[in-house]
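Heads up, query.txt below (compact mmCIF, N, CA and C atoms):
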```
# COMPACT_ATOMS: atom_id res chain seq x y z
N GLN H 1 43.32 -73.23 -84.17
CA GLN H 1 42.52 -72.01 -84.09
C GLN H 1 43.08 -71.12 -83.00
N VAL H 2 42.95 -69.80 -83.22
CA VAL H 2 43.41 -68.81 -82.27
C VAL H 2 42.20 -68.02 -81.77
N GLN H 3 42.10 -67.85 -80.47
CA GLN H 3 41.06 -67.01 -79.88
C GLN H 3 41.67 -65.63 -79.63
N LEU H 4 40.93 -64.60 -80.02
CA LEU H 4 41.44 -63.24 -79.96
C LEU H 4 40.48 -62.34 -79.21
N VAL H 5 41.01 -61.50 -78.32
CA VAL H 5 40.19 -60.57 -77.56
C VAL H 5 40.83 -59.19 -77.63
N GLU H 6 40.11 -58.24 -78.24
CA GLU H 6 40.60 -56.87 -78.35
C GLU H 6 40.19 -56.04 -77.14
N SER H 7 40.99 -55.02 -76.85
CA SER H 7 40.66 -54.08 -75.80
C SER H 7 41.34 -52.76 -76.11
N GLY H 8 40.95 -51.71 -75.36
CA GLY H 8 41.62 -50.43 -75.51
C GLY H 8 40.85 -49.38 -76.30
N GLY H 9 39.72 -49.76 -76.85
CA GLY H 9 38.93 -48.79 -77.59
C GLY H 9 38.29 -47.76 -76.66
N GLY H 10 37.70 -46.73 -77.26
CA GLY H 10 37.06 -45.70 -76.46
C GLY H 10 36.73 -44.48 -77.27
N LEU H 11 36.37 -43.41 -76.56
CA LEU H 11 36.02 -42.13 -77.18
C LEU H 11 37.16 -41.14 -76.92
N VAL H 12 37.70 -40.57 -77.99
CA VAL H 12 38.77 -39.59 -77.86
C VAL H 12 38.51 -38.42 -78.79
N GLU H 13 39.13 -37.29 -78.49
CA GLU H 13 39.03 -36.13 -79.37
C GLU H 13 40.06 -36.25 -80.51
N ALA H 14 39.75 -35.64 -81.60
CA ALA H 14 40.67 -35.63 -82.73
C ALA H 14 42.02 -35.09 -82.31
N GLY H 15 43.08 -35.73 -82.84
CA GLY H 15 44.44 -35.34 -82.52
C GLY H 15 45.05 -36.14 -81.38
N ASN H 16 44.23 -36.83 -80.63
CA ASN H 16 44.73 -37.62 -79.51
C ASN H 16 45.11 -39.03 -79.95
N SER H 17 45.49 -39.85 -78.95
CA SER H 17 46.01 -41.19 -79.25
C SER H 17 45.25 -42.26 -78.47
N LEU H 18 45.30 -43.47 -78.99
CA LEU H 18 44.80 -44.66 -78.31
C LEU H 18 45.71 -45.82 -78.66
N ARG H 19 45.81 -46.79 -77.75
CA ARG H 19 46.51 -48.02 -78.06
C ARG H 19 45.57 -49.19 -77.87
N LEU H 20 45.36 -49.92 -78.94
CA LEU H 20 44.56 -51.13 -78.89
C LEU H 20 45.45 -52.33 -78.61
N SER H 21 44.90 -53.27 -77.87
CA SER H 21 45.60 -54.53 -77.60
C SER H 21 44.74 -55.69 -78.07
N CYS H 22 45.41 -56.77 -78.45
CA CYS H 22 44.71 -57.99 -78.86
C CYS H 22 45.43 -59.16 -78.19
N ALA H 23 44.76 -59.79 -77.24
CA ALA H 23 45.31 -60.93 -76.53
C ALA H 23 44.90 -62.21 -77.22
N ALA H 24 45.88 -63.09 -77.46
CA ALA H 24 45.63 -64.32 -78.20
C ALA H 24 45.83 -65.55 -77.34
N SER H 25 45.07 -66.58 -77.63
CA SER H 25 45.25 -67.87 -76.98
C SER H 25 44.89 -68.96 -77.99
N GLY H 26 45.36 -70.17 -77.73
CA GLY H 26 45.08 -71.27 -78.65
C GLY H 26 46.31 -71.66 -79.43
N ARG H 27 46.16 -71.74 -80.76
CA ARG H 27 47.29 -72.10 -81.63
C ARG H 27 48.47 -71.19 -81.35
N THR H 28 49.67 -71.66 -81.59
CA THR H 28 50.87 -70.92 -81.26
C THR H 28 50.86 -69.54 -81.88
N PHE H 29 50.72 -68.55 -81.03
CA PHE H 29 50.62 -67.15 -81.47
C PHE H 29 51.89 -66.72 -82.17
N SER H 30 53.03 -67.14 -81.65
CA SER H 30 54.30 -66.63 -82.15
C SER H 30 54.59 -67.06 -83.58
N SER H 31 53.85 -68.03 -84.11
CA SER H 31 54.06 -68.47 -85.49
C SER H 31 53.02 -67.90 -86.44
N SER H 32 52.18 -67.01 -85.95
CA SER H 32 51.09 -66.45 -86.75
C SER H 32 51.34 -64.98 -87.09
N ALA H 33 51.22 -64.65 -88.36
CA ALA H 33 51.15 -63.24 -88.73
C ALA H 33 49.80 -62.71 -88.26
N MET H 34 49.75 -61.42 -87.93
CA MET H 34 48.55 -60.82 -87.36
C MET H 34 48.17 -59.57 -88.14
N GLY H 35 46.90 -59.21 -88.05
CA GLY H 35 46.44 -58.01 -88.72
C GLY H 35 45.40 -57.28 -87.90
N TRP H 36 45.23 -56.01 -88.25
CA TRP H 36 44.13 -55.19 -87.72
C TRP H 36 43.28 -54.71 -88.90
N PHE H 37 41.98 -54.79 -88.73
CA PHE H 37 41.02 -54.28 -89.69
C PHE H 37 40.07 -53.35 -88.95
N ARG H 38 39.30 -52.58 -89.71
CA ARG H 38 38.27 -51.75 -89.09
C ARG H 38 37.04 -51.69 -89.98
N GLN H 39 35.91 -51.43 -89.34
CA GLN H 39 34.66 -51.34 -90.07
C GLN H 39 33.83 -50.19 -89.52
N ALA H 40 33.60 -49.21 -90.36
CA ALA H 40 32.76 -48.07 -90.01
C ALA H 40 31.31 -48.39 -90.38
N PRO H 41 30.36 -47.71 -89.76
CA PRO H 41 28.94 -47.98 -90.06
C PRO H 41 28.64 -47.82 -91.54
N GLY H 42 27.99 -48.82 -92.11
CA GLY H 42 27.61 -48.78 -93.51
C GLY H 42 28.73 -49.01 -94.49
N LYS H 43 29.92 -49.37 -94.00
CA LYS H 43 31.06 -49.58 -94.89
C LYS H 43 31.59 -51.00 -94.75
N GLU H 44 32.39 -51.39 -95.75
CA GLU H 44 33.03 -52.69 -95.71
C GLU H 44 34.16 -52.69 -94.69
N ARG H 45 34.46 -53.87 -94.17
CA ARG H 45 35.62 -54.01 -93.28
C ARG H 45 36.88 -53.81 -94.11
N GLU H 46 37.78 -52.95 -93.62
CA GLU H 46 38.97 -52.62 -94.39
C GLU H 46 40.24 -52.89 -93.61
N PHE H 47 41.26 -53.20 -94.38
CA PHE H 47 42.59 -53.47 -93.83
C PHE H 47 43.19 -52.22 -93.20
N VAL H 48 43.85 -52.38 -92.06
CA VAL H 48 44.55 -51.28 -91.41
C VAL H 48 46.05 -51.54 -91.35
N ALA H 49 46.45 -52.70 -90.81
CA ALA H 49 47.87 -52.99 -90.64
C ALA H 49 48.07 -54.49 -90.46
N ALA H 50 49.29 -54.94 -90.74
CA ALA H 50 49.64 -56.34 -90.54
C ALA H 50 51.08 -56.43 -90.08
N ILE H 51 51.40 -57.54 -89.41
CA ILE H 51 52.75 -57.75 -88.89
C ILE H 51 53.09 -59.23 -89.00
N ASN H 52 54.35 -59.53 -89.33
CA ASN H 52 54.73 -60.93 -89.45
C ASN H 52 55.02 -61.54 -88.08
N TRP H 53 55.40 -62.80 -88.06
CA TRP H 53 55.52 -63.52 -86.80
C TRP H 53 56.55 -62.93 -85.87
N SER H 54 57.62 -62.38 -86.42
CA SER H 54 58.71 -61.89 -85.58
C SER H 54 58.60 -60.40 -85.29
N GLY H 55 57.74 -59.71 -86.02
CA GLY H 55 57.58 -58.29 -85.78
C GLY H 55 58.51 -57.41 -86.59
N ASP H 56 59.32 -57.99 -87.49
CA ASP H 56 60.27 -57.16 -88.24
C ASP H 56 59.79 -56.81 -89.64
N ASN H 57 58.55 -57.16 -89.93
CA ASN H 57 57.96 -56.79 -91.22
C ASN H 57 56.53 -56.34 -90.98
N THR H 58 56.20 -55.15 -91.46
CA THR H 58 54.86 -54.60 -91.25
C THR H 58 54.29 -54.00 -92.54
N LEU H 59 52.99 -53.91 -92.59
CA LEU H 59 52.28 -53.29 -93.71
C LEU H 59 51.22 -52.36 -93.14
N TYR H 60 50.93 -51.27 -93.87
CA TYR H 60 49.91 -50.33 -93.44
C TYR H 60 49.05 -49.89 -94.61
N ALA H 61 47.81 -49.59 -94.30
CA ALA H 61 46.96 -48.92 -95.28
C ALA H 61 47.46 -47.49 -95.45
N ASP H 62 47.32 -46.95 -96.65
CA ASP H 62 47.79 -45.59 -96.89
C ASP H 62 47.12 -44.59 -95.96
N SER H 63 45.89 -44.85 -95.59
CA SER H 63 45.13 -43.90 -94.77
C SER H 63 45.67 -43.77 -93.35
N VAL H 64 46.46 -44.73 -92.89
CA VAL H 64 46.97 -44.69 -91.52
C VAL H 64 48.48 -44.64 -91.46
N LYS H 65 49.14 -44.74 -92.60
CA LYS H 65 50.60 -44.76 -92.63
C LYS H 65 51.15 -43.48 -92.02
N GLY H 66 52.12 -43.64 -91.12
CA GLY H 66 52.72 -42.50 -90.44
C GLY H 66 52.00 -42.10 -89.17
N ARG H 67 50.79 -42.61 -88.95
CA ARG H 67 50.03 -42.29 -87.73
C ARG H 67 49.84 -43.51 -86.84
N PHE H 68 49.69 -44.68 -87.43
CA PHE H 68 49.46 -45.91 -86.67
C PHE H 68 50.71 -46.78 -86.71
N THR H 69 50.91 -47.52 -85.62
CA THR H 69 52.03 -48.47 -85.55
C THR H 69 51.54 -49.80 -84.99
N ILE H 70 51.79 -50.88 -85.73
CA ILE H 70 51.46 -52.21 -85.25
C ILE H 70 52.72 -52.83 -84.66
N SER H 71 52.56 -53.55 -83.55
CA SER H 71 53.69 -54.21 -82.91
C SER H 71 53.16 -55.46 -82.18
N ARG H 72 54.10 -56.27 -81.71
CA ARG H 72 53.69 -57.48 -81.01
C ARG H 72 54.69 -57.86 -79.94
N GLU H 73 54.20 -58.54 -78.93
CA GLU H 73 55.04 -59.13 -77.88
C GLU H 73 54.68 -60.62 -77.81
N ASN H 74 55.49 -61.45 -78.42
CA ASN H 74 55.19 -62.87 -78.46
C ASN H 74 55.20 -63.51 -77.07
N ALA H 75 56.03 -62.98 -76.18
CA ALA H 75 56.08 -63.52 -74.82
C ALA H 75 54.77 -63.29 -74.07
N LYS H 76 54.02 -62.28 -74.51
CA LYS H 76 52.73 -61.97 -73.88
C LYS H 76 51.54 -62.37 -74.75
N ASN H 77 51.82 -63.00 -75.89
CA ASN H 77 50.75 -63.39 -76.81
C ASN H 77 49.83 -62.21 -77.14
N THR H 78 50.43 -61.07 -77.42
CA THR H 78 49.66 -59.84 -77.62
C THR H 78 50.18 -59.07 -78.82
N VAL H 79 49.25 -58.53 -79.59
CA VAL H 79 49.57 -57.61 -80.67
C VAL H 79 48.91 -56.27 -80.35
N TYR H 80 49.58 -55.18 -80.74
CA TYR H 80 49.12 -53.84 -80.41
C TYR H 80 48.90 -53.02 -81.67
N LEU H 81 48.07 -52.00 -81.53
CA LEU H 81 47.93 -50.99 -82.56
C LEU H 81 47.96 -49.63 -81.87
N GLN H 82 49.09 -48.94 -82.01
CA GLN H 82 49.22 -47.59 -81.47
C GLN H 82 48.68 -46.62 -82.51
N MET H 83 47.70 -45.84 -82.12
CA MET H 83 47.03 -44.92 -83.04
C MET H 83 47.25 -43.49 -82.56
N ASN H 84 47.99 -42.71 -83.33
CA ASN H 84 48.28 -41.31 -83.00
C ASN H 84 47.58 -40.39 -83.99
N SER H 85 47.47 -39.13 -83.62
CA SER H 85 46.87 -38.12 -84.49
C SER H 85 45.54 -38.60 -85.06
N LEU H 86 44.69 -39.08 -84.19
CA LEU H 86 43.43 -39.66 -84.63
C LEU H 86 42.53 -38.62 -85.27
N LYS H 87 41.78 -39.09 -86.27
CA LYS H 87 40.86 -38.24 -87.02
C LYS H 87 39.44 -38.81 -86.89
N PRO H 88 38.43 -37.96 -87.08
CA PRO H 88 37.05 -38.48 -87.02
C PRO H 88 36.81 -39.64 -87.98
N GLU H 89 37.49 -39.64 -89.11
CA GLU H 89 37.31 -40.72 -90.08
C GLU H 89 37.94 -42.03 -89.64
N ASP H 90 38.65 -42.02 -88.53
CA ASP H 90 39.17 -43.27 -87.96
C ASP H 90 38.12 -43.99 -87.10
N THR H 91 36.99 -43.35 -86.89
CA THR H 91 35.92 -43.95 -86.11
C THR H 91 35.44 -45.24 -86.76
N ALA H 92 35.47 -46.32 -85.98
CA ALA H 92 35.09 -47.64 -86.51
C ALA H 92 35.19 -48.67 -85.39
N VAL H 93 34.69 -49.85 -85.66
CA VAL H 93 34.99 -51.02 -84.82
C VAL H 93 36.29 -51.62 -85.37
N TYR H 94 37.25 -51.82 -84.48
CA TYR H 94 38.55 -52.35 -84.87
C TYR H 94 38.63 -53.82 -84.49
N TYR H 95 39.07 -54.62 -85.47
CA TYR H 95 39.14 -56.07 -85.29
C TYR H 95 40.58 -56.55 -85.43
N CYS H 96 40.94 -57.46 -84.58
CA CYS H 96 42.21 -58.17 -84.65
C CYS H 96 41.99 -59.48 -85.39
N ALA H 97 42.98 -59.90 -86.19
CA ALA H 97 42.84 -61.12 -86.96
C ALA H 97 44.17 -61.87 -87.01
N ALA H 98 44.08 -63.19 -87.11
CA ALA H 98 45.27 -64.04 -87.15
C ALA H 98 45.30 -64.84 -88.44
N ARG H 99 46.50 -65.03 -88.99
CA ARG H 99 46.70 -65.86 -90.17
C ARG H 99 47.21 -67.24 -89.75
N SER H 100 47.05 -68.18 -90.63
CA SER H 100 47.67 -69.49 -90.41
C SER H 100 49.08 -69.51 -90.99
N TYR H 101 49.54 -68.40 -91.55
CA TYR H 101 50.90 -68.26 -92.05
C TYR H 101 51.69 -67.34 -91.13
N SER H 102 53.01 -67.47 -91.20
CA SER H 102 53.86 -66.66 -90.34
C SER H 102 54.26 -65.33 -90.98
N GLY H 103 54.19 -65.26 -92.31
CA GLY H 103 54.68 -64.08 -93.00
C GLY H 103 53.57 -63.24 -93.62
N ILE H 104 54.01 -62.10 -94.19
CA ILE H 104 53.08 -61.20 -94.88
C ILE H 104 53.64 -60.81 -96.24
N TYR H 105 54.51 -61.67 -96.79
CA TYR H 105 55.11 -61.37 -98.09
C TYR H 105 54.07 -61.28 -99.21
N ASP H 106 52.94 -61.97 -99.02
CA ASP H 106 51.89 -61.96 -100.03
C ASP H 106 50.97 -60.76 -99.87
N ARG H 107 51.32 -59.83 -98.99
CA ARG H 107 50.57 -58.60 -98.79
C ARG H 107 49.10 -58.90 -98.51
N PRO H 108 48.84 -59.40 -97.32
CA PRO H 108 47.48 -59.86 -96.97
C PRO H 108 46.55 -58.70 -96.61
N PHE H 109 45.99 -58.06 -97.61
CA PHE H 109 45.10 -56.93 -97.40
C PHE H 109 43.63 -57.35 -97.32
N SER H 110 43.34 -58.60 -97.64
CA SER H 110 41.95 -59.05 -97.71
C SER H 110 41.53 -59.78 -96.44
N ARG H 111 40.23 -59.71 -96.12
CA ARG H 111 39.70 -60.47 -95.01
C ARG H 111 39.93 -61.96 -95.22
N ARG H 112 39.91 -62.40 -96.45
CA ARG H 112 40.08 -63.83 -96.76
C ARG H 112 41.47 -64.34 -96.43
N ASP H 113 42.41 -63.43 -96.21
CA ASP H 113 43.77 -63.83 -95.87
C ASP H 113 43.94 -64.21 -94.41
N TYR H 114 42.87 -64.08 -93.62
CA TYR H 114 42.95 -64.31 -92.18
C TYR H 114 41.94 -65.38 -91.77
N ASN H 115 42.32 -66.17 -90.78
CA ASN H 115 41.50 -67.31 -90.39
C ASN H 115 40.67 -67.07 -89.14
N ASP H 116 41.22 -66.32 -88.20
CA ASP H 116 40.58 -66.14 -86.90
C ASP H 116 40.40 -64.65 -86.61
N TRP H 117 39.28 -64.32 -85.95
CA TRP H 117 38.92 -62.93 -85.70
C TRP H 117 38.47 -62.73 -84.27
N GLY H 118 38.76 -61.53 -83.75
CA GLY H 118 38.23 -61.14 -82.47
C GLY H 118 36.83 -60.56 -82.62
N GLN H 119 36.28 -60.11 -81.50
CA GLN H 119 34.91 -59.60 -81.50
C GLN H 119 34.86 -58.10 -81.81
N GLY H 120 36.01 -57.44 -81.78
CA GLY H 120 36.07 -56.03 -82.11
C GLY H 120 36.00 -55.11 -80.91
N THR H 121 36.56 -53.92 -81.07
CA THR H 121 36.49 -52.89 -80.04
C THR H 121 36.18 -51.56 -80.72
N GLN H 122 35.28 -50.79 -80.14
CA GLN H 122 34.82 -49.55 -80.76
C GLN H 122 35.80 -48.42 -80.49
N VAL H 123 36.14 -47.70 -81.55
CA VAL H 123 36.93 -46.47 -81.45
C VAL H 123 36.10 -45.34 -82.04
N THR H 124 35.89 -44.30 -81.24
CA THR H 124 35.13 -43.14 -81.69
C THR H 124 35.98 -41.89 -81.50
N VAL H 125 36.16 -41.15 -82.59
CA VAL H 125 36.98 -39.94 -82.57
C VAL H 125 36.06 -38.75 -82.83
N SER H 126 35.99 -37.86 -81.86
CA SER H 126 35.13 -36.68 -82.00
C SER H 126 35.92 -35.51 -82.57
N SER H 127 35.23 -34.66 -83.30
CA SER H 127 35.90 -33.51 -83.92
C SER H 127 35.88 -32.29 -83.03
```
Starting from the coordinates I provided, produce the structure as structure tokens.
Amino acid sequence: QVQLVESGGGLVEAGNSLRLSCAASGRTFSSSAMGWFRQAPGKEREFVAAINWSGDNTLYADSVKGRFTISRENAKNTVYLQMNSLKPEDTAVYYCAARSYSGIYDRPFSRRDYNDWGQGTQVTVSS
């Protein structure tokens, strides 16, 4: 099992940037593919981005492609989500998640593709 703690959320104006961090402990982080999801009030939790164990393969939701970047530092047991050009519709609680697999070849867009979850961090984008 992997324990995950997100940080970096906050209130920003539209067009600005935020970087979320997710610190991991427990099962070997460097062998786990990781993902970011988000959940807005009254909506289902949705996929945002995923990254494989080495960081050389990534996936993005169409709604964030070109604006968000997922990355990882295995030496620090941390995965990041750089969010640029933020929009009010990006407002949500953002969750970090870990897989028991190292890759993302199966295109893990579902919550069921992930085993461990953080508690979430709130991102609010004002217009």
Do you know which residues are at most 12 Å from stretch 97-106 of chain H counting only C-alpha atoms, after dropping those on the same chain fewer than 4 positions away, and could you put them as a PyMOL selection string?
chain H and resi 1-6+21-38+45-60+77-80+110-120
Atom-to-atom span, atom CA of H:Leu81 and atom CA of H:Glu44, Å
19.9 Å
Excluding same-chain residues fewer than 4 positions from H:Glu13, what lies within 6.5 Å of it counting only N, CA and C atoms, as a PyMOL selection string?
chain H and resi 86+124-127
What does the structure give for the distance between atom CA of H:Leu18 and atom CA of H:Val123, in Å to one decimal?
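Answer for the atom CA of H:Leu18 to atom CA of H:Val123 separation: 8.7 Å.
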Could you check the closest approach to H:Ala40 for each of H:Gln82, H:Thr91, H:Asn74, H:Ser7 and tell me which residue wins, using only N, CA and C atoms?
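That would be H:Thr91, the residue with the smallest distance to H:Ala40.
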Every residue of stretch 19-106 of chain H that DSSP places in strand (DSSP E), as a compact mmCIF listing (two decimals) with N, CA and C atoms, keeping the file's coordinate frame:
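Printed below is selection35.txt as written:
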```
# COMPACT_ATOMS: atom_id res chain seq x y z
N ARG H 19 45.81 -46.79 -77.75
CA ARG H 19 46.51 -48.02 -78.06
C ARG H 19 45.57 -49.19 -77.87
N LEU H 20 45.36 -49.92 -78.94
CA LEU H 20 44.56 -51.13 -78.89
C LEU H 20 45.45 -52.33 -78.61
N SER H 21 44.90 -53.27 -77.87
CA SER H 21 45.60 -54.53 -77.60
C SER H 21 44.74 -55.69 -78.07
N CYS H 22 45.41 -56.77 -78.45
CA CYS H 22 44.71 -57.99 -78.86
C CYS H 22 45.43 -59.16 -78.19
N ALA H 23 44.76 -59.79 -77.24
CA ALA H 23 45.31 -60.93 -76.53
C ALA H 23 44.90 -62.21 -77.22
N ALA H 24 45.88 -63.09 -77.46
CA ALA H 24 45.63 -64.32 -78.20
C ALA H 24 45.83 -65.55 -77.34
N SER H 25 45.07 -66.58 -77.63
CA SER H 25 45.25 -67.87 -76.98
C SER H 25 44.89 -68.96 -77.99
N GLY H 26 45.36 -70.17 -77.73
CA GLY H 26 45.08 -71.27 -78.65
C GLY H 26 46.31 -71.66 -79.43
N MET H 34 49.75 -61.42 -87.93
CA MET H 34 48.55 -60.82 -87.36
C MET H 34 48.17 -59.57 -88.14
N GLY H 35 46.90 -59.21 -88.05
CA GLY H 35 46.44 -58.01 -88.72
C GLY H 35 45.40 -57.28 -87.90
N TRP H 36 45.23 -56.01 -88.25
CA TRP H 36 44.13 -55.19 -87.72
C TRP H 36 43.28 -54.71 -88.90
N PHE H 37 41.98 -54.79 -88.73
CA PHE H 37 41.02 -54.28 -89.69
C PHE H 37 40.07 -53.35 -88.95
N ARG H 38 39.30 -52.58 -89.71
CA ARG H 38 38.27 -51.75 -89.09
C ARG H 38 37.04 -51.69 -89.98
N GLN H 39 35.91 -51.43 -89.34
CA GLN H 39 34.66 -51.34 -90.07
C GLN H 39 33.83 -50.19 -89.52
N GLU H 46 37.78 -52.95 -93.62
CA GLU H 46 38.97 -52.62 -94.39
C GLU H 46 40.24 -52.89 -93.61
N PHE H 47 41.26 -53.20 -94.38
CA PHE H 47 42.59 -53.47 -93.83
C PHE H 47 43.19 -52.22 -93.20
N VAL H 48 43.85 -52.38 -92.06
CA VAL H 48 44.55 -51.28 -91.41
C VAL H 48 46.05 -51.54 -91.35
N ALA H 49 46.45 -52.70 -90.81
CA ALA H 49 47.87 -52.99 -90.64
C ALA H 49 48.07 -54.49 -90.46
N ALA H 50 49.29 -54.94 -90.74
CA ALA H 50 49.64 -56.34 -90.54
C ALA H 50 51.08 -56.43 -90.08
N ILE H 51 51.40 -57.54 -89.41
CA ILE H 51 52.75 -57.75 -88.89
C ILE H 51 53.09 -59.23 -89.00
N THR H 58 56.20 -55.15 -91.46
CA THR H 58 54.86 -54.60 -91.25
C THR H 58 54.29 -54.00 -92.54
N LEU H 59 52.99 -53.91 -92.59
CA LEU H 59 52.28 -53.29 -93.71
C LEU H 59 51.22 -52.36 -93.14
N TYR H 60 50.93 -51.27 -93.87
CA TYR H 60 49.91 -50.33 -93.44
C TYR H 60 49.05 -49.89 -94.61
N PHE H 68 49.69 -44.68 -87.43
CA PHE H 68 49.46 -45.91 -86.67
C PHE H 68 50.71 -46.78 -86.71
N THR H 69 50.91 -47.52 -85.62
CA THR H 69 52.03 -48.47 -85.55
C THR H 69 51.54 -49.80 -84.99
N ILE H 70 51.79 -50.88 -85.73
CA ILE H 70 51.46 -52.21 -85.25
C ILE H 70 52.72 -52.83 -84.66
N SER H 71 52.56 -53.55 -83.55
CA SER H 71 53.69 -54.21 -82.91
C SER H 71 53.16 -55.46 -82.18
N ARG H 72 54.10 -56.27 -81.71
CA ARG H 72 53.69 -57.48 -81.01
C ARG H 72 54.69 -57.86 -79.94
N GLU H 73 54.20 -58.54 -78.93
CA GLU H 73 55.04 -59.13 -77.88
C GLU H 73 54.68 -60.62 -77.81
N THR H 78 50.43 -61.07 -77.42
CA THR H 78 49.66 -59.84 -77.62
C THR H 78 50.18 -59.07 -78.82
N VAL H 79 49.25 -58.53 -79.59
CA VAL H 79 49.57 -57.61 -80.67
C VAL H 79 48.91 -56.27 -80.35
N TYR H 80 49.58 -55.18 -80.74
CA TYR H 80 49.12 -53.84 -80.41
C TYR H 80 48.90 -53.02 -81.67
N LEU H 81 48.07 -52.00 -81.53
CA LEU H 81 47.93 -50.99 -82.56
C LEU H 81 47.96 -49.63 -81.87
N GLN H 82 49.09 -48.94 -82.01
CA GLN H 82 49.22 -47.59 -81.47
C GLN H 82 48.68 -46.62 -82.51
N MET H 83 47.70 -45.84 -82.12
CA MET H 83 47.03 -44.92 -83.04
C MET H 83 47.25 -43.49 -82.56
N ALA H 92 35.47 -46.32 -85.98
CA ALA H 92 35.09 -47.64 -86.51
C ALA H 92 35.19 -48.67 -85.39
N VAL H 93 34.69 -49.85 -85.66
CA VAL H 93 34.99 -51.02 -84.82
C VAL H 93 36.29 -51.62 -85.37
N TYR H 94 37.25 -51.82 -84.48
CA TYR H 94 38.55 -52.35 -84.87
C TYR H 94 38.63 -53.82 -84.49
N TYR H 95 39.07 -54.62 -85.47
CA TYR H 95 39.14 -56.07 -85.29
C TYR H 95 40.58 -56.55 -85.43
N CYS H 96 40.94 -57.46 -84.58
CA CYS H 96 42.21 -58.17 -84.65
C CYS H 96 41.99 -59.48 -85.39
N ALA H 97 42.98 -59.90 -86.19
CA ALA H 97 42.84 -61.12 -86.96
C ALA H 97 44.17 -61.87 -87.01
N ALA H 98 44.08 -63.19 -87.11
CA ALA H 98 45.27 -64.04 -87.15
C ALA H 98 45.30 -64.84 -88.44
```
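Among H:Gln122, H:Gly8, H:Ala61, H:Asn16, the residue with the shortest atom-to-atom distance to H:Val93, counting only C-alpha atoms, is H:Gln122.
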Quick check, in Å to one decimal: how far apart do atom CA of H:Tyr94 and atom CA of H:Arg72 lie?
16.4 Å
Who sits within 6.5 Å of H:Met83, all atoms listed in the file, same chain under 4 positions skipped, as a list in words
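My reading of the contact set: Asn16, Ser17, Leu18, Arg19, Leu20, Arg67, Phe68 and Thr69 of chain H.
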Could you find all residues in chain H that DSSP calls helix (DSSP H, G or I) from the backbone, and write them as a PyMOL selection string?
chain H and resi 29-31+74-76+88-90+111-113
